[in-house]
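Report on the structure given below.
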Amino acid sequence: MFSQSDASLIHKALAGNNKAWLKLIKRYEQAIYNYGLRMTGNADDSMDLMQEVFLSVFRNLASYRGEGSFKSWLFRIAHFRCVEFYRRKRYHQDIDEGEEMIDDRACASQWTFEHTQSQELVAAMQALPLEQKAVIELKFFGQFTFEEIAQQLDVSANTIKSRLYSALGKMKTLLEVTDV
Amino acid sequence: MSDKENLFALWLEERLNPAQQQQFEQLLAQDDELAQRVATARQIKQSASEYRPQSVPPWQPGAVAHRQQRSQPWRGWLPLSFATSMLAIVMVLLQVEIQWHKQGVMISFAGQGTEQKIANEVAARLENFEQQQQQQLAQYVNELEKSQQQANMQLTNYLLSSSRTERREDFAELIKFVNEQRSDDQLYFARQLNQIQQQVYETTVPMSLEPKSVNN
């Protein structure tokens with residue numbers, strides 16, 4: 001139902017219908033914004049990231065061929081923009097090798113959580129390498145399957161599982177520390 | 001991937017069947033590492049489920065499209081350039097030709113303009129060639145007639161002159177023959193006369209001898 005509706009909006013947006021494009025943005029802006037919040041830990045960065053994601057979507061909308069859900073395609077673009085964001089921010093670090101990128105400014109205190117556990121979780125996620133953080137984000141918040149995550153990140157499903165197990169091991173320690 | 005990790009992945013996606021569920025629970029009881037991983041995953045699941053999405057701060061979604069259009073001002077020209085390209089391709093495919101004449105502009109397709117022009121030029125040249133050929137043929141016929149008349153006249157003159165000469169020669173020959181014949185006849189008659197005279201003389205001589213004896 002949603003994918004059909006997405007396809008209809010995409011079709012209209014490609015035909016130049018501005019209202020359809022705005023409706024498509026409205027439908028997913030909150031998901032992308034919160035994705036950015038959890039991935040960057042910063043509201044301003046999340047806002048910039050969201051705008052870059054939708055700009056990229058606008059540029060590449062014609063290349064979307066309807067293979068897989070639009071949401072998966074959208075989060076695939078979001079992941080690429082997020083990787084670029086971190087590359088710009090920490091260009092001296094090799095993020096592909098899984099260097100840990102702990103952003104001191106990326107703390108949950110910059111935006112308000114209504115639930116402490118969520119705050120702890122997002123704060124702990126900021127200590128993970130980007131690729132592991134992406135898997136935690138897509139698995140537990142995005143509710144994607146391993147196969148879908150593998151397609152979005154351009155790696156095998158086994159690699160995603162390995163990253164998840166590694167991330168869970170680190171998260172256990174991080175969450176225990178937070179609890180203390 | 002080991003069975004333990006596969007079972008964990010299936011558990012995480014809530015796709016364990018009853019047998020796998022039983023096997024997974026047995027493993028959980030025996031494997032501390034798996035149990036800790038499951039506990040962490042449950043904690044994260046719980047925290048994620050309690051996460052309340054933050055509302056998006058006010059922004060202008062339409063600015064994304066405008067920003068894109070500003071960054072690519074040539075995009076507005078895309079339809080025009082595409083249409084121009086298509087027009088050029090169609091003109092090449094259909095062999096469109098535009099010719100300016102004094103009378104106006106002529107647009108032709110599939111080389112028909114060129115073919116028409118070539119046909120006109122060929123027709124004009126053929127007509128000119130035909131006229132030249134006719135003139136040359138008429139001139140040739142006249143010359144032939146003149147030469148034929150001259151030849152006929154020469155032949156007639158020759159025949160007339162040659163026949164006169166021959167007749168003159170023939171008459172001369174005939175006269176000569178007649179003269180010779182007359183001469184021969186005269187000789188013949190003379191000889192005949194002579195013989196007759198001789199005969200006459202001989203017959204008459206014995207009688208003459210008698211006068212001789214008489215004289216004795």
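By convention here, the chains of the structure tokens are called A, B, ... in the order presented, each chain's residues are numbered starting at 1, and ligands are numbered starting at 1 in the order presented.
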
Interface, chain A side, toward chain B (8 Å; only C-alpha atoms) as a PyMOL selection string: chain A and resi 18+22+25+29-31+33-34+51+54-55+58-59+113-115+117-118+121+140-141+145+158+161+165+168-169+171-172

Test item: residues at most 12 Å from B:Leu94, only C-alpha atoms, excluding those fewer than 5 positions along its chain, as a PDB file with all heavy atoms, in the first residue's frame:
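Output file part03.pdb follows:
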ATOM      1  N   MET B  86      16.506  16.357 -30.780  1.00  0.00           N
ATOM      2  CA  MET B  86      15.568  15.456 -31.457  1.00  0.00           C
ATOM      3  C   MET B  86      15.223  15.992 -32.845  1.00  0.00           C
ATOM      4  O   MET B  86      15.134  15.232 -33.817  1.00  0.00           O
ATOM      5  CB  MET B  86      14.287  15.298 -30.626  1.00  0.00           C
ATOM      6  CG  MET B  86      14.456  14.458 -29.376  1.00  0.00           C
ATOM      7  SD  MET B  86      15.088  12.813 -29.747  1.00  0.00           S
ATOM      8  CE  MET B  86      13.751  12.145 -30.700  1.00  0.00           C
ATOM      9  N   LEU B  87      15.020  17.321 -32.934  1.00  0.00           N
ATOM     10  CA  LEU B  87      14.703  17.929 -34.229  1.00  0.00           C
ATOM     11  C   LEU B  87      15.842  17.708 -35.220  1.00  0.00           C
ATOM     12  O   LEU B  87      15.611  17.353 -36.385  1.00  0.00           O
ATOM     13  CB  LEU B  87      14.440  19.428 -34.044  1.00  0.00           C
ATOM     14  CG  LEU B  87      14.101  20.211 -35.323  1.00  0.00           C
ATOM     15  CD1 LEU B  87      12.791  19.715 -35.910  1.00  0.00           C
ATOM     16  CD2 LEU B  87      14.023  21.697 -35.044  1.00  0.00           C
ATOM     17  N   ALA B  88      17.077  17.883 -34.720  1.00  0.00           N
ATOM     18  CA  ALA B  88      18.241  17.684 -35.594  1.00  0.00           C
ATOM     19  C   ALA B  88      18.317  16.235 -36.059  1.00  0.00           C
ATOM     20  O   ALA B  88      18.564  15.956 -37.243  1.00  0.00           O
ATOM     21  CB  ALA B  88      19.507  18.075 -34.847  1.00  0.00           C
ATOM     22  N   ILE B  89      18.070  15.303 -35.134  1.00  0.00           N
ATOM     23  CA  ILE B  89      18.131  13.877 -35.485  1.00  0.00           C
ATOM     24  C   ILE B  89      17.059  13.546 -36.518  1.00  0.00           C
ATOM     25  O   ILE B  89      17.307  12.857 -37.517  1.00  0.00           O
ATOM     26  CB  ILE B  89      17.959  13.012 -34.217  1.00  0.00           C
ATOM     27  CG1 ILE B  89      19.206  13.174 -33.324  1.00  0.00           C
ATOM     28  CG2 ILE B  89      17.735  11.551 -34.572  1.00  0.00           C
ATOM     29  CD1 ILE B  89      19.035  12.603 -31.952  1.00  0.00           C
ATOM     30  N   ILE B 107      11.176  23.561 -48.550  1.00  0.00           N
ATOM     31  CA  ILE B 107      11.570  22.513 -47.610  1.00  0.00           C
ATOM     32  C   ILE B 107      11.212  21.182 -48.246  1.00  0.00           C
ATOM     33  O   ILE B 107      10.059  20.967 -48.633  1.00  0.00           O
ATOM     34  CB  ILE B 107      10.849  22.664 -46.259  1.00  0.00           C
ATOM     35  CG1 ILE B 107      11.202  24.022 -45.637  1.00  0.00           C
ATOM     36  CG2 ILE B 107      11.231  21.535 -45.308  1.00  0.00           C
ATOM     37  CD1 ILE B 107      10.425  24.340 -44.390  1.00  0.00           C
ATOM     38  N   SER B 108      12.178  20.329 -48.347  1.00  0.00           N
ATOM     39  CA  SER B 108      11.909  19.032 -48.969  1.00  0.00           C
ATOM     40  C   SER B 108      12.392  17.921 -48.057  1.00  0.00           C
ATOM     41  O   SER B 108      13.235  18.126 -47.193  1.00  0.00           O
ATOM     42  CB  SER B 108      12.619  18.946 -50.316  1.00  0.00           C
ATOM     43  OG  SER B 108      14.007  19.115 -50.132  1.00  0.00           O
ATOM     44  N   PHE B 109      11.841  16.728 -48.213  1.00  0.00           N
ATOM     45  CA  PHE B 109      12.170  15.577 -47.368  1.00  0.00           C
ATOM     46  C   PHE B 109      12.762  14.456 -48.214  1.00  0.00           C
ATOM     47  O   PHE B 109      12.463  14.334 -49.397  1.00  0.00           O
ATOM     48  CB  PHE B 109      10.904  15.063 -46.663  1.00  0.00           C
ATOM     49  CG  PHE B 109      10.304  16.058 -45.724  1.00  0.00           C
ATOM     50  CD1 PHE B 109       9.347  16.941 -46.155  1.00  0.00           C
ATOM     51  CD2 PHE B 109      10.730  16.136 -44.410  1.00  0.00           C
ATOM     52  CE1 PHE B 109       8.802  17.870 -45.300  1.00  0.00           C
ATOM     53  CE2 PHE B 109      10.187  17.060 -43.547  1.00  0.00           C
ATOM     54  CZ  PHE B 109       9.225  17.924 -43.980  1.00  0.00           C
ATOM     55  N   ALA B 110      13.552  13.649 -47.531  1.00  0.00           N
ATOM     56  CA  ALA B 110      14.130  12.431 -48.134  1.00  0.00           C
ATOM     57  C   ALA B 110      14.851  12.715 -49.438  1.00  0.00           C
ATOM     58  O   ALA B 110      14.822  11.930 -50.367  1.00  0.00           O
ATOM     59  CB  ALA B 110      13.036  11.381 -48.353  1.00  0.00           C
ATOM     60  N   GLY B 111      15.494  13.893 -49.524  1.00  0.00           N
ATOM     61  CA  GLY B 111      16.294  14.214 -50.703  1.00  0.00           C
ATOM     62  C   GLY B 111      15.478  14.503 -51.939  1.00  0.00           C
ATOM     63  O   GLY B 111      16.007  14.550 -53.041  1.00  0.00           O
ATOM     64  N   GLN B 112      14.151  14.710 -51.754  1.00  0.00           N
ATOM     65  CA  GLN B 112      13.310  14.946 -52.925  1.00  0.00           C
ATOM     66  C   GLN B 112      13.644  16.267 -53.590  1.00  0.00           C
ATOM     67  O   GLN B 112      13.515  16.411 -54.800  1.00  0.00           O
ATOM     68  CB  GLN B 112      11.836  14.921 -52.524  1.00  0.00           C
ATOM     69  CG  GLN B 112      11.354  13.508 -52.218  1.00  0.00           C
ATOM     70  CD  GLN B 112       9.911  13.478 -51.809  1.00  0.00           C
ATOM     71  OE1 GLN B 112       9.318  14.511 -51.573  1.00  0.00           O
ATOM     72  NE2 GLN B 112       9.353  12.298 -51.718  1.00  0.00           N
TER      73      GLN B 112
END

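The residue that comes closest to A:Leu9, out of A:Leu24, A:Leu175, A:Ala123, A:Met50 and on the basis of only C-alpha atoms, is A:Leu24.
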
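Here atom CA of A:His11 and atom CA of A:Ser56 stand 16.9 Å from one another.
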
Å distance separating atom CA of B:Lys4 from atom CA of B:Glu25, one decimal place: 10.7 Å

Who sits within 10 Å of A:Met125, only C-alpha atoms, same chain under 4 positions skipped, as a ChimeraX atom specification: /A:38-41,102,119-121,129-130,132-134,136-137,167,170-171,174-175

Residue set, stretch 46-213 of chain B restricted to helix (DSSP H, G or I), as a PyMOL selection string: chain B and resi 46-50+62-71+73-93+112-213
